[in-house]
$ cat upload_6.txt   # compact mmCIF, C-alpha atoms and all ligand atoms
# COMPACT_ATOMS: atom_id res chain seq x y z
CA MET A 27 10.64 -28.96 38.83
CA LYS A 28 7.02 -29.95 38.39
CA LYS A 29 5.25 -31.65 41.28
CA LEU A 30 3.66 -34.99 40.50
CA LEU A 31 2.30 -35.66 43.97
CA SER A 32 1.77 -33.32 46.88
CA ILE A 33 1.05 -35.05 50.17
CA ARG A 34 -0.18 -33.10 53.19
CA ASN A 35 -0.72 -34.33 56.75
CA LEU A 36 -1.20 -37.91 55.61
CA LYS A 37 -2.19 -40.31 58.39
CA LYS A 38 -2.84 -44.01 58.20
CA TYR A 39 -4.07 -45.73 61.35
CA PHE A 40 -4.98 -49.42 61.42
CA PRO A 41 -7.62 -50.14 64.09
CA LEU A 42 -6.79 -52.88 66.60
CA ALA A 43 -9.43 -55.32 67.78
CA LYS A 44 -10.54 -54.55 71.36
CA LYS A 45 -8.69 -56.81 73.77
CA ARG A 46 -10.28 -55.85 77.06
CA LEU A 47 -13.97 -55.78 77.76
CA PHE A 48 -13.88 -52.38 79.47
CA GLN A 49 -11.41 -50.77 77.08
CA LYS A 50 -13.04 -47.43 76.30
CA GLU A 51 -10.75 -45.91 73.71
CA PRO A 52 -10.26 -47.75 70.41
CA LEU A 53 -6.55 -48.46 69.79
CA TYR A 54 -4.74 -47.91 66.52
CA VAL A 55 -1.43 -48.84 64.92
CA ARG A 56 -0.19 -45.42 63.84
CA ALA A 57 1.57 -46.66 60.70
CA ASN A 58 1.82 -43.21 59.07
CA GLU A 59 1.68 -40.11 61.24
CA ASP A 60 1.24 -36.66 59.70
CA ILE A 61 3.44 -37.00 56.62
CA SER A 62 3.78 -34.01 54.28
CA LEU A 63 6.05 -34.00 51.23
CA ASP A 64 6.14 -33.38 47.50
CA ILE A 65 7.27 -35.86 44.87
CA PHE A 66 8.60 -34.28 41.68
CA GLU A 67 8.14 -35.52 38.14
CA GLY A 68 11.06 -37.64 36.93
CA GLU A 69 12.72 -38.11 40.32
CA THR A 70 13.46 -41.23 42.31
CA LEU A 71 12.56 -40.63 45.92
CA GLY A 72 14.12 -43.26 48.17
CA LEU A 73 12.43 -44.25 51.42
CA VAL A 74 14.37 -45.89 54.24
CA GLY A 75 13.84 -46.84 57.87
CA GLU A 76 13.76 -49.87 60.13
CA SER A 77 11.26 -52.70 59.65
CA GLY A 78 7.75 -51.70 60.68
CA CYS A 79 8.32 -47.92 60.44
CA GLY A 80 5.55 -47.57 57.84
CA LYS A 81 7.33 -47.49 54.46
CA SER A 82 5.12 -50.03 52.68
CA THR A 83 2.00 -48.53 54.22
CA PHE A 84 3.00 -45.10 52.87
CA GLY A 85 3.57 -46.52 49.36
CA ARG A 86 0.22 -48.29 49.40
CA VAL A 87 -1.68 -45.32 50.79
CA LEU A 88 -0.27 -43.05 48.06
CA LEU A 89 -1.73 -45.43 45.48
CA GLN A 90 -4.95 -45.60 47.55
CA LEU A 91 -4.57 -49.37 47.90
CA TYR A 92 -5.31 -48.56 51.55
CA PRO A 93 -7.67 -45.66 52.23
CA GLN A 94 -5.89 -42.92 54.14
CA THR A 95 -7.19 -42.00 57.59
CA SER A 96 -6.78 -38.27 56.95
CA GLY A 97 -4.81 -35.74 54.93
CA SER A 98 -4.66 -35.06 51.21
CA THR A 99 -2.73 -36.64 48.32
CA LEU A 100 -2.87 -34.35 45.30
CA TYR A 101 -1.94 -35.96 41.99
CA PHE A 102 -0.90 -33.65 39.14
CA GLY A 103 -0.38 -36.31 36.44
CA ARG A 104 -3.65 -35.53 34.65
CA ASP A 105 -3.98 -31.76 35.04
CA ASP A 106 -2.31 -28.79 36.71
CA GLU A 107 -5.12 -28.36 39.25
CA GLY A 108 -4.37 -31.70 40.88
CA LEU A 109 -6.82 -34.39 41.95
CA ASP A 110 -7.07 -35.33 45.62
CA LEU A 111 -6.79 -39.12 45.37
CA ALA A 112 -8.06 -39.47 48.94
CA LYS A 113 -11.41 -37.98 47.94
CA LEU A 114 -12.04 -40.03 44.79
CA SER A 115 -14.60 -42.82 44.65
CA ARG A 116 -13.60 -46.28 43.46
CA SER A 117 -14.92 -45.64 39.96
CA GLU A 118 -13.18 -42.23 39.76
CA MET A 119 -9.95 -43.87 40.92
CA ARG A 120 -10.12 -46.75 38.40
CA PRO A 121 -8.74 -44.92 35.31
CA LEU A 122 -5.97 -43.39 37.46
CA ARG A 123 -4.76 -46.84 38.50
CA ARG A 124 -3.12 -47.05 35.10
CA ASP A 125 -0.86 -44.12 36.02
CA LEU A 126 0.02 -45.40 39.50
CA GLN A 127 1.71 -48.78 39.72
CA ILE A 128 3.57 -50.89 42.26
CA ILE A 129 6.31 -53.51 41.99
CA PHE A 130 6.35 -55.90 44.95
CA GLN A 131 9.21 -57.57 46.75
CA ASP A 132 8.31 -61.17 46.10
CA PRO A 133 8.16 -62.14 42.44
CA TYR A 134 7.23 -65.70 43.52
CA SER A 135 3.88 -64.92 45.12
CA SER A 136 2.85 -61.85 43.14
CA LEU A 137 2.63 -63.60 39.75
CA ASN A 138 -0.34 -65.85 38.99
CA PRO A 139 1.13 -69.34 38.40
CA ARG A 140 -1.76 -70.35 36.13
CA MET A 141 -1.20 -67.57 33.62
CA THR A 142 1.48 -67.45 30.93
CA VAL A 143 3.88 -64.54 30.86
CA GLY A 144 2.02 -63.22 27.81
CA GLN A 145 -1.33 -63.37 29.62
CA ILE A 146 0.12 -61.71 32.73
CA LEU A 147 1.51 -58.84 30.68
CA ALA A 148 -1.67 -58.42 28.59
CA GLU A 149 -3.96 -58.20 31.62
CA GLY A 150 -3.27 -54.54 32.56
CA PRO A 151 -3.47 -53.13 29.01
CA LEU A 152 -6.79 -54.98 28.52
CA THR A 153 -8.23 -53.83 31.86
CA HIS A 154 -7.39 -50.24 31.06
CA GLY A 155 -8.83 -50.41 27.55
CA MET A 156 -5.52 -49.80 25.77
CA PHE A 157 -6.39 -52.72 23.45
CA ARG A 158 -9.37 -54.96 22.71
CA ARG A 159 -9.12 -58.71 23.38
CA GLY A 160 -7.81 -60.45 20.25
CA ASP A 161 -6.28 -57.28 18.83
CA PRO A 162 -3.02 -58.34 17.12
CA MET A 163 -1.49 -55.03 18.25
CA LEU A 164 -1.79 -56.25 21.86
CA LYS A 165 0.70 -59.09 21.32
CA GLU A 166 3.01 -56.67 19.55
CA HIS A 167 2.78 -54.31 22.54
CA VAL A 168 3.46 -57.12 25.02
CA LEU A 169 6.47 -58.33 23.03
CA ARG A 170 7.83 -54.77 22.90
CA VAL A 171 7.49 -54.39 26.69
CA MET A 172 9.16 -57.78 27.16
CA GLU A 173 12.08 -56.73 25.03
CA GLU A 174 12.37 -53.44 26.91
CA CYS A 175 12.56 -55.40 30.17
CA GLY A 176 15.18 -57.90 28.93
CA LEU A 177 12.74 -60.82 28.43
CA GLN A 178 13.09 -63.06 25.41
CA GLU A 179 10.24 -63.73 23.00
CA PHE A 180 10.03 -67.47 23.74
CA MET A 181 9.01 -66.65 27.33
CA HIS A 182 5.67 -65.30 26.11
CA SER A 183 3.98 -68.72 26.22
CA ARG A 184 5.77 -70.02 29.34
CA TYR A 185 4.71 -69.86 32.98
CA PRO A 186 6.43 -67.75 35.66
CA HIS A 187 7.57 -70.79 37.71
CA GLN A 188 9.74 -71.84 34.77
CA PHE A 189 12.06 -68.90 35.44
CA SER A 190 14.61 -67.76 38.00
CA GLY A 191 13.96 -65.08 40.65
CA GLY A 192 15.68 -62.40 38.57
CA GLN A 193 13.64 -63.23 35.46
CA ARG A 194 10.45 -63.27 37.50
CA GLN A 195 11.23 -59.85 38.86
CA ARG A 196 11.70 -58.67 35.26
CA ILE A 197 8.22 -60.09 34.53
CA SER A 198 6.81 -58.17 37.53
CA ILE A 199 8.46 -54.98 36.31
CA ALA A 200 7.18 -55.57 32.76
CA ARG A 201 3.67 -56.13 34.14
CA SER A 202 3.74 -52.76 35.90
CA LEU A 203 5.27 -50.93 32.95
CA ALA A 204 2.98 -52.54 30.32
CA VAL A 205 0.26 -49.99 31.13
CA ARG A 206 2.74 -47.12 30.60
CA PRO A 207 2.40 -45.66 34.11
CA LYS A 208 3.67 -42.30 35.38
CA PHE A 209 4.44 -43.15 39.00
CA VAL A 210 5.77 -46.48 40.28
CA VAL A 211 6.23 -47.58 43.90
CA CYS A 212 9.10 -50.09 44.03
CA ASP A 213 8.66 -51.84 47.41
CA GLU A 214 11.82 -53.76 48.36
CA CYS A 215 11.82 -54.96 44.78
CA VAL A 216 15.39 -56.29 44.81
CA SER A 217 15.56 -57.45 48.45
CA ALA A 218 14.62 -61.06 47.68
CA LEU A 219 17.23 -61.40 44.91
CA ASP A 220 20.86 -62.55 44.96
CA VAL A 221 23.27 -59.62 45.19
CA SER A 222 24.64 -60.46 41.72
CA ILE A 223 21.15 -60.12 40.20
CA GLN A 224 20.21 -57.02 42.20
CA SER A 225 22.40 -54.66 40.19
CA GLN A 226 20.96 -55.92 36.88
CA ILE A 227 17.44 -55.20 38.12
CA LEU A 228 18.46 -51.79 39.49
CA ASN A 229 20.02 -50.94 36.13
CA LEU A 230 16.85 -52.03 34.34
CA LEU A 231 14.73 -49.81 36.60
CA GLN A 232 17.06 -46.87 36.03
CA GLU A 233 17.07 -47.38 32.26
CA ARG A 234 13.26 -47.64 32.04
CA LYS A 235 12.90 -44.56 34.23
CA GLU A 236 15.04 -42.49 31.90
CA LYS A 237 13.44 -43.79 28.69
CA GLU A 238 9.85 -43.50 29.90
CA LYS A 239 10.23 -40.41 32.13
CA LEU A 240 8.92 -42.33 35.13
CA THR A 241 8.82 -41.17 38.73
CA TYR A 242 9.70 -43.70 41.44
CA LEU A 243 9.14 -44.08 45.13
CA PHE A 244 11.90 -46.56 45.89
CA ILE A 245 11.41 -48.30 49.24
CA SER A 246 14.21 -50.33 50.77
CA HIS A 247 15.79 -51.01 54.13
CA ASN A 248 19.13 -51.22 52.29
CA LEU A 249 20.67 -47.74 52.27
CA SER A 250 23.37 -48.59 49.74
CA VAL A 251 20.76 -49.75 47.23
CA VAL A 252 18.67 -46.64 47.84
CA ARG A 253 21.70 -44.39 47.44
CA TYR A 254 22.48 -45.93 44.06
CA LEU A 255 19.11 -45.02 42.54
CA SER A 256 17.69 -42.07 44.45
CA ASP A 257 17.81 -38.34 43.75
CA ARG A 258 16.38 -37.63 47.21
CA ILE A 259 15.89 -39.81 50.25
CA GLY A 260 13.26 -39.73 53.00
CA VAL A 261 13.97 -41.34 56.36
CA MET A 262 11.07 -42.70 58.39
CA TYR A 263 10.89 -43.48 62.07
CA LEU A 264 7.80 -44.84 63.80
CA GLY A 265 5.44 -43.65 61.08
CA ARG A 266 6.94 -40.18 60.73
CA MET A 267 9.19 -38.63 58.10
CA VAL A 268 12.13 -37.45 60.20
CA GLU A 269 14.49 -36.28 57.45
CA ILE A 270 14.30 -35.69 53.73
CA ALA A 271 17.17 -34.44 51.59
CA PRO A 272 19.01 -34.75 48.28
CA THR A 273 20.97 -38.03 48.39
CA ASP A 274 24.43 -36.45 48.62
CA ALA A 275 23.34 -34.07 51.37
CA LEU A 276 21.77 -36.87 53.38
CA PHE A 277 24.90 -39.01 53.20
CA GLY A 278 27.29 -36.06 53.53
CA SER A 279 25.65 -34.18 56.40
CA PRO A 280 22.73 -35.99 58.02
CA ALA A 281 20.82 -33.59 60.26
CA HIS A 282 18.80 -36.10 62.30
CA PRO A 283 20.50 -38.34 64.89
CA TYR A 284 18.46 -41.32 63.66
CA THR A 285 19.75 -40.86 60.10
CA ALA A 286 23.29 -40.55 61.44
CA ALA A 287 22.84 -43.85 63.29
CA LEU A 288 21.47 -45.60 60.19
CA LEU A 289 24.36 -44.34 58.05
CA SER A 290 26.94 -45.37 60.61
CA ALA A 291 25.61 -48.94 60.44
CA ILE A 292 26.18 -49.38 56.69
CA PRO A 293 28.71 -52.18 56.19
CA THR A 294 31.74 -51.02 54.23
CA THR A 295 34.38 -52.84 52.23
CA ASP A 296 36.75 -49.91 52.60
CA PRO A 297 39.63 -51.02 54.90
CA GLU A 298 39.74 -47.47 56.31
CA GLY A 299 36.04 -47.77 57.21
CA SER A 300 33.42 -45.25 56.18
CA GLY A 301 35.07 -42.58 58.31
CA ARG A 302 32.04 -42.70 60.58
CA GLU A 303 32.00 -44.03 64.07
CA ARG A 304 29.30 -46.64 64.59
CA ILE A 305 26.43 -45.15 66.60
CA LEU A 306 24.70 -47.88 68.55
CA LEU A 307 21.08 -47.17 69.38
CA GLY A 308 19.89 -48.37 72.77
CA GLY A 309 16.48 -49.89 73.41
CA ASN A 310 13.91 -51.41 71.08
CA ILE A 311 11.72 -49.67 68.54
CA PRO A 312 8.70 -48.47 70.57
CA SER A 313 5.20 -49.63 69.70
CA PRO A 314 3.41 -47.64 66.99
CA VAL A 315 0.25 -48.13 69.08
CA HIS A 316 1.64 -46.08 71.99
CA PRO A 317 4.37 -43.88 70.48
CA PRO A 318 6.56 -41.98 72.99
CA SER A 319 5.68 -38.38 73.86
CA GLY A 320 7.52 -35.40 72.35
CA CYS A 321 10.03 -36.60 69.77
CA ALA A 322 9.15 -40.28 69.20
CA PHE A 323 12.88 -41.04 68.90
CA HIS A 324 13.80 -39.62 72.33
CA PRO A 325 14.02 -42.93 74.27
CA ARG A 326 16.78 -44.10 71.90
CA CYS A 327 18.39 -40.80 70.91
CA PRO A 328 21.96 -40.22 72.13
CA GLN A 329 21.35 -36.45 71.97
CA ALA A 330 17.94 -36.21 73.66
CA CYS A 331 17.34 -33.26 76.03
CA ASP A 332 14.39 -32.31 78.27
CA ARG A 333 12.55 -30.52 75.49
CA CYS A 334 12.65 -33.68 73.36
CA ARG A 335 10.53 -35.55 75.90
CA THR A 336 7.62 -33.14 75.69
CA ALA A 337 7.66 -31.12 72.45
CA PRO A 338 7.33 -32.95 69.12
CA PRO A 339 9.76 -31.42 66.57
CA SER A 340 8.30 -30.45 63.20
CA LEU A 341 9.99 -31.07 59.85
CA ARG A 342 11.86 -27.85 59.00
CA GLU A 343 14.35 -26.80 56.35
CA VAL A 344 17.96 -26.95 57.59
CA ALA A 345 19.49 -26.16 54.18
CA PRO A 346 17.89 -25.63 50.76
CA GLY A 347 15.81 -28.74 50.06
CA HIS A 348 17.06 -30.47 53.22
CA PHE A 349 14.43 -30.99 55.95
CA ALA A 350 14.78 -32.52 59.40
CA ALA A 351 12.52 -32.98 62.40
CA CYS A 352 14.92 -32.50 65.32
CA HIS A 353 15.21 -29.79 67.99
CA ARG A 354 19.01 -30.04 67.89
CA ALA A 355 19.00 -29.06 64.21
CA PHE A 356 17.39 -25.74 65.23
CA PRO A 357 18.99 -24.56 68.47
CA GLU A 358 16.81 -21.95 70.24
N1 LIG A 401 -2.93 -54.32 57.01
C1 LIG A 401 -2.45 -53.99 58.23
N2 LIG A 401 -3.24 -54.11 59.34
C2 LIG A 401 -2.78 -53.77 60.56
N3 LIG A 401 -1.53 -53.29 60.79
C3 LIG A 401 -0.72 -53.16 59.73
C4 LIG A 401 -1.12 -53.50 58.40
N4 LIG A 401 -0.08 -53.26 57.54
C5 LIG A 401 0.92 -52.79 58.32
N5 LIG A 401 0.56 -52.73 59.62
C6 LIG A 401 1.37 -52.25 60.74
O1 LIG A 401 1.79 -50.94 60.41
C7 LIG A 401 3.15 -50.72 60.79
C8 LIG A 401 3.96 -50.33 59.57
O2 LIG A 401 4.08 -51.47 58.71
P1 LIG A 401 4.76 -51.42 57.26
O3 LIG A 401 4.55 -52.74 56.63
O4 LIG A 401 4.24 -50.22 56.53
O5 LIG A 401 6.29 -51.19 57.63
P2 LIG A 401 7.59 -51.27 56.70
O6 LIG A 401 8.41 -50.06 57.03
O7 LIG A 401 7.21 -51.47 55.29
O8 LIG A 401 8.35 -52.55 57.28
P3 LIG A 401 9.29 -53.62 56.50
O9 LIG A 401 10.64 -52.95 56.34
O10 LIG A 401 9.34 -54.77 57.45
O11 LIG A 401 8.63 -53.96 55.20
C9 LIG A 401 3.61 -52.01 61.46
O12 LIG A 401 3.46 -51.87 62.85
C10 LIG A 401 2.66 -53.04 60.92
O13 LIG A 401 2.48 -54.10 61.84
S1 LIG A 402 14.42 -33.91 68.77
FE1 LIG A 402 15.71 -34.57 70.48
S2 LIG A 402 15.26 -36.77 70.74
FE2 LIG A 402 14.48 -36.14 68.75
S3 LIG A 402 16.12 -36.63 67.35
FE3 LIG A 402 16.41 -34.48 67.93
S4 LIG A 402 17.79 -34.51 69.67
FE4 LIG A 402 17.03 -36.60 69.40
MG MG A 403 7.57 -53.01 53.91
$ encode --input "upload_6.txt" --output "structure tokens" --more "lines below"
Ligand SMILES: Nc1ncnc2c1ncn2[C@@H]1O[C@H](COP(=O)(O)OP(=O)(O)OP(=O)(O)O)[C@@H](O)[C@H]1O
Ligand code: SF4
Ligand SMILES: [Mg+2]
Amino acid sequence: MKKLLSIRNLKKYFPLAKKRLFQKEPLYVRANEDISLDIFEGETLGLVGESGCGKSTFGRVLLQLYPQTSGSTLYFGRDDEGLDLAKLSRSEMRPLRRDLQIIFQDPYSSLNPRMTVGQILAEGPLTHGMFRRGDPMLKEHVLRVMEECGLQEFMHSRYPHQFSGGQRQRISIARSLAVRPKFVVCDECVSALDVSIQSQILNLLQERKEKEKLTYLFISHNLSVVRYLSDRIGVMYLGRMVEIAPTDALFGSPAHPYTAALLSAIPTTDPEGSGRERILLGGNIPSPVHPPSGCAFHPRCPQACDRCRTAPPSLREVAPGHFAACHRAFPE
């Protein structure tokens, strides 16, 4: 499989304003801490983890919507050498923005209420020079994208507020896909929708992915939704990637105690239960400003040992393509 993105030692720290007059050291929210992974062309990589663990930050940093604090993000969509997105200037990054798109959670606030659906969908293709203003081919292109995304022609001259949440999310998706991207970050893009609408949107995303050979980073706190779409899944805890594996392997044999706890909490409609005993995690999620020593999960981990309190575990391969950052997964 060809790599589309290769991320190494990515960190994203947000500086905190100084609270105390004599505070010497600047403080940071460590939203992403030393993340390394590859994303392959044509795959859907799911990303899960509790609120605040750094999923959205990671998605935005990949697209360089936030500058990364350190590390490299090689993008192979334009050539085999790879371009380090973290090193590009704004003007060098501009043409690549066409390739790298994002679909947000809230289709209510992310669509400009003063623009018609047609104008919203024409904006990206115009910005990226795919068409000139007034070119009749532009309207044809927009109508084709609308049709591909299940939007009817009459909607072209209407405004987003005239439509339901599901239709608005289709407009958001169409806006991202109108520039014919290669990589799309879907950030909780069905979370705000009714359950009955969610599956229609997931099916649309899946269909477009197959037709247009897209690659997705699919972020959601809902593991069942992520399972439905993803080829592989990454699990984040306190800014770190603690496990990454093919979807079936992750659900079938989770190697990290945090993943096991997340899976055990999935509600099930099966009267026999999921076959998993519910693992209740004690304590609160620690602050990403002062993460715990050693393994950041140790204060809540039911399997923590002395080593866990001092030595941070690195992400290592437990089975082909299955990585976990846990000392217990590699007994000494
Ligand atoms: N622009 C910002 N400035 C300062 N801190 C930020 C900023 N964006 C995110 N953070 C902090 O970084 C951490 C990670 O946030 P992020 O939004 O990436 O988490 P998330 O996993 O997407 O959470 P959720 O599931 O709630 O969307 C949090 O502690 C958050 O408060
Ligand atoms: S390294 Fe230790 S504390 Fe961390 S997840 Fe593994 S067993 Fe738990
Ligand atoms: Mg988020």
$ residues_near_point --input "upload_6.txt" --point "(27.5, -46.9, 63.5)" --cutoff "9 Å" --atoms "all atoms listed in the file" --output "MDAnalysis selection string"
chainID A and resid 286:292 302:307
$ residues_near_ligand --input "upload_6.txt" --ligand "ligand LIG 401 (chain A)" --cutoff "6 Å" --atoms "only C-alpha atoms and all ligand atoms" --output "ChimeraX atom specification"
/A:40,55,57,76-83,247,314
$ residues_near_ligand --input "upload_6.txt" --ligand "ligand LIG 402 (chain A)" --cutoff "8 Å" --atoms "only C-alpha atoms and all ligand atoms" --output "MDAnalysis selection string"
chainID A and resid 282:284 320:331 333:335 338:339 351:355
$ residues_near_point --input "upload_6.txt" --point "(14.0, -40.2, 40.0)" --cutoff "6 Å" --atoms "all atoms listed in the file" --output "list of chain:residue names"
A:Gly68, A:Glu69, A:Thr70, A:Thr241, A:Tyr242, A:Asp257
$ residues_around --input "upload_6.txt" --residues "range 200-202 of chain A" --least-positions-apart "6" --cutoff "6 Å" --atoms "only C-alpha atoms" --output "number ranges by chain"
A: 127, 147, 175
$ residues_around --input "upload_6.txt" --residues "Phe189 in chain A" --least-positions-apart "6" --cutoff "12 Å" --atoms "only C-alpha atoms" --output "PyMOL selection string"
chain A and resi 133-134+137+139+142-143+177-178+180-182+195-197
$ closest_residue --input "upload_6.txt" --among "A:Gln94, A:Ser225, A:Ser135, A:Asn248" --to "ligand MG 403 (chain A)" --atoms "all atoms listed in the file"
A:Asn248
$ atom_distance --input "upload_6.txt" --atom1 "CA of Glu107 in chain A" --atom2 "CA of Leu31 in chain A"
11.4 Å
$ residues_around --input "upload_6.txt" --residues "Gly85 in chain A" --least-positions-apart "6" --cutoff "10 Å" --atoms "only C-alpha atoms" --output "list in words"
Leu73, Leu91, Tyr92, Ile128, Val210, Val211, Cys212, Asp213, Leu243, Phe244 and Ile245 of chain A
$ closest_residue --input "upload_6.txt" --among "A:Pro41, A:Pro318, A:Pro280, A:Pro186" --to "Ala345 in chain A" --atoms "all atoms listed in the file"
A:Pro280
